[in-house]
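Taking it in order: structure first as structure tokens, then the write-up.
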Amino acid sequence: MMAEANDTLDALNEVHGQEKPDDIGIGEWIWGALQGDFNAERSGWQIGFDMVVSLIPVVDTICDLRDLCANIRQYRKDTTNKITLFFIATTAIGFFPEIGTVVKSVLRLVWIYLKPLIKHADDILNVSKLTAAAHRACDAALPKVTEYLQHNRVVQWATHGKLPDMYKFVAKTIQEATEKLSPALLGKLLTEKFNDLKSLLNKIRLIVPSTVREHVDDLLKFVEDKQRVVTGAVQEFVQPARTVLKVVAKRLDDHAWRAQVYQTNRGWIAPISEASAVKLINAKPPKYVKKLLGPMKFPALEMEENEIKALMKMHPDHPPLNERLIETFAKNGGIRADSMVGPAKLYRVIDPSSDAAGIFWMTEADFKALKNRDEWRSKCAVKSEWNQNGWFVEYEIKSGESLPIWRGPAASQKIKGTDYYLEGGGEQVVFFPSGRDEAIQAMTRIDSKTGEAILDRGKPDQRVEFIDVTGEVVPSKLRARITDPNIKGPMETGWGASDYTVEEAKRILLTVPSLS
């Protein structure tokens, strides 16, 4: 009993951040610990301190009850306030036994930054507003989350648990809790924690001064009177809570994947959106684009459906063709069937988001003749939003092997929203490698309008969301592994990994005259 009391006292001292003064009893010291509050006005140091000390089991229990008391105080001010009820629901999510202290602490940080963003009930009930607020809260919380997850106590805990990526662990745990969350379970968790609070209050009321006992008894009576009402009322906020949790889990999971791809692909920033590419090209046309003053130099080849079928019938061993593929070849030069006889090599320029086993290639001679990125973009007519470049792969055709291909000059590509185009004219080789790349299995993207999973052709959309050089959100798949045994790489081109840095993009856009 003495050892348990000492552990509790040590835990309380951790919560308070100082030793208990001799003139304050243990009951009053507990009561003081319950009066703390997590809010946006607390300093970064205080927030970090709370999160780290809560790794101690007794401290974690006290922090749970402190969070609950803070919500009760808000509820007493206005028992009809839907915002307060929503945040009681979010607090109760931390009471999941499976969540654990570390994940709960990450959620606490998100709630701190979410609270000031929720000003009206409509901010909760309107899914678009709620997801926007959740994203903003994640933006604000992520630096603190990173600081917390890198703290030596947390790192030791993760090492002991053999958890190589804390972001993915936290994201997965939140996702699993979201799937289990229901009105009944939320009510059960809240009831259990209310009972824990009442049990603690009944114990300390006997050992605190009478002036403090009045406050303890007042809180105790309020909890006993309103527990059932509160528990019932918060259950209607399960769906909004699930929406926020899904956003948080996806953001943390994406953060982990971005960190991984940056570590293995030095210098790569992000894919670029079509809108961003257009803005930058209009502001400062790069060397690889041509001004559109008339017909494009290499207009697209056009073939009727019966002509395409006839061509494929003549070359049954060659890759299948369709209208879209035909249009990537230039009219002046056309498309012709050929076979690459080994030993030979084909080359393809890629970035972390593009397929190594894609269908557009170039011969070894053409690849080695390229001097820089601008020449590659111009001759091969590759738009920025299609491929940010930086690496290449090599396809080997061994001696004695023959690879059926289509070849011909690349068609010019008009850049929509501008008066520019990519010239094309460089020879492209088309074939379908036998093995497709494996893509990373990120968490499913969340629809900002519905809060539900986004589907891509009937399957979960597992793209990772990036912020490009102009601040646009760009969802992108990421390559996990090249599976085709004939493909070697990726290897660096030496051209740099992005068309623009963030700083370059800012400087370019600053030169655009304001329309206001």
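Chain labels A, B, ... are given in the sequence in which chains occur in the structure tokens; within each chain residues are numbered consecutively from 1, and ligands are likewise numbered from 1 in the order shown.
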For this session: Give the helix (DSSP H, G or I) residues of segment 180-392 of chain A, as DSSP finds them on the backbone, and put them as a PyMOL selection string.
Result: chain A and resi 180+183-204+210-264+274-283+305-314+323-326+364-369+373-380
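Proximity of A:Asn265, A:Gln227, A:Ser276, A:Lys198 to Thr79 of chain A, computed with only C-alpha atoms, is greatest for A:Gln227.
Using only C-alpha atoms, the residues found no farther than 12 Å from Val155 of chain A, other than those of its own chain fewer than 3 positions away, are Val52, Leu55, Val102, Thr146, Glu147, Tyr148, Leu149, Gln150, His151, Asn152, Ala158, Thr159, His160, Gly161, Lys162, Leu163, Pro164, Asp165, Met166 and Tyr167 of chain A.
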Could the residues in this selection be written to a file with C-alpha atoms, as an mmCIF file, in the first residue's frame?
```cif
data_model
loop_
_atom_site.group_PDB
_atom_site.id
_atom_site.type_symbol
_atom_site.label_atom_id
_atom_site.label_comp_id
_atom_site.auth_asym_id
_atom_site.auth_seq_id
_atom_site.Cartn_x
_atom_site.Cartn_y
_atom_site.Cartn_z
ATOM 1 C CA VAL A 52 5.591 12.721 -22.266
ATOM 2 C CA LEU A 55 3.625 7.600 -20.585
ATOM 3 C CA VAL A 102 1.148 7.186 -27.172
ATOM 4 C CA THR A 146 6.817 14.930 -34.470
ATOM 5 C CA GLU A 147 8.511 16.449 -31.436
ATOM 6 C CA TYR A 148 6.577 14.115 -29.169
ATOM 7 C CA LEU A 149 7.241 10.956 -31.207
ATOM 8 C CA GLN A 150 10.959 11.792 -31.295
ATOM 9 C CA HIS A 151 11.206 12.254 -27.522
ATOM 10 C CA ASN A 152 13.652 9.784 -25.997
ATOM 11 C CA ALA A 158 8.856 2.186 -29.647
ATOM 12 C CA THR A 159 12.199 0.379 -29.706
ATOM 13 C CA HIS A 160 11.052 -1.960 -26.949
ATOM 14 C CA GLY A 161 7.861 -2.636 -28.913
ATOM 15 C CA LYS A 162 9.812 -3.146 -32.173
ATOM 16 C CA LEU A 163 7.861 -0.444 -33.994
ATOM 17 C CA PRO A 164 9.978 0.815 -36.938
ATOM 18 C CA ASP A 165 7.638 3.639 -37.976
ATOM 19 C CA MET A 166 5.710 5.421 -35.253
ATOM 20 C CA TYR A 167 3.621 7.475 -37.679
#
```
For this session: Pick out the residues sitting within 12 Å of Ala171 of chain A, and hand them over as a ChimeraX atom specification; count only C-alpha atoms, and ignore anything fewer than 3 positions along from it in its own chain.
Result: /A:99,102-104,106-107,165-168,174-178,245-257,442-444
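Here atom CA of Val341 of chain A is placed at a distance of 17.0 Å from atom CA of Ser434 of chain A.
Reported to one decimal place, the separation of atom CA of Val278 of chain A from atom CA of Thr418 of chain A is 6.5 Å.
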Distance table requested - segment 330-368 of chain A against segment 289-305 of chain A, cut-off 10 Å, only C-alpha atoms: one row per qualifying residue with the closest atom pair and its distance in Å to one decimal, ordered by chain and rising residue number, as a tab-separated table.
```
residue	atom	partner	partner_atom	distance
A:Ala330	CA	A:Ala300	CA	4.6
A:Lys331	CA	A:Leu301	CA	3.9
A:Asn332	CA	A:Phe298	CA	6.6
A:Gly333	CA	A:Leu301	CA	8.7
A:Gly334	CA	A:Leu301	CA	6.3
A:Ile335	CA	A:Leu301	CA	8.2
```
Problem set entry | Residue nearest Leu510 of chain A - candidates A:Gln388, A:Ile405, A:Asp461, A:Leu280, atoms counted: only C-alpha atoms |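 Ranking A:Gln388, A:Ile405, A:Asp461, A:Leu280 by distance to Leu510 of chain A, first place goes to A:Leu280.
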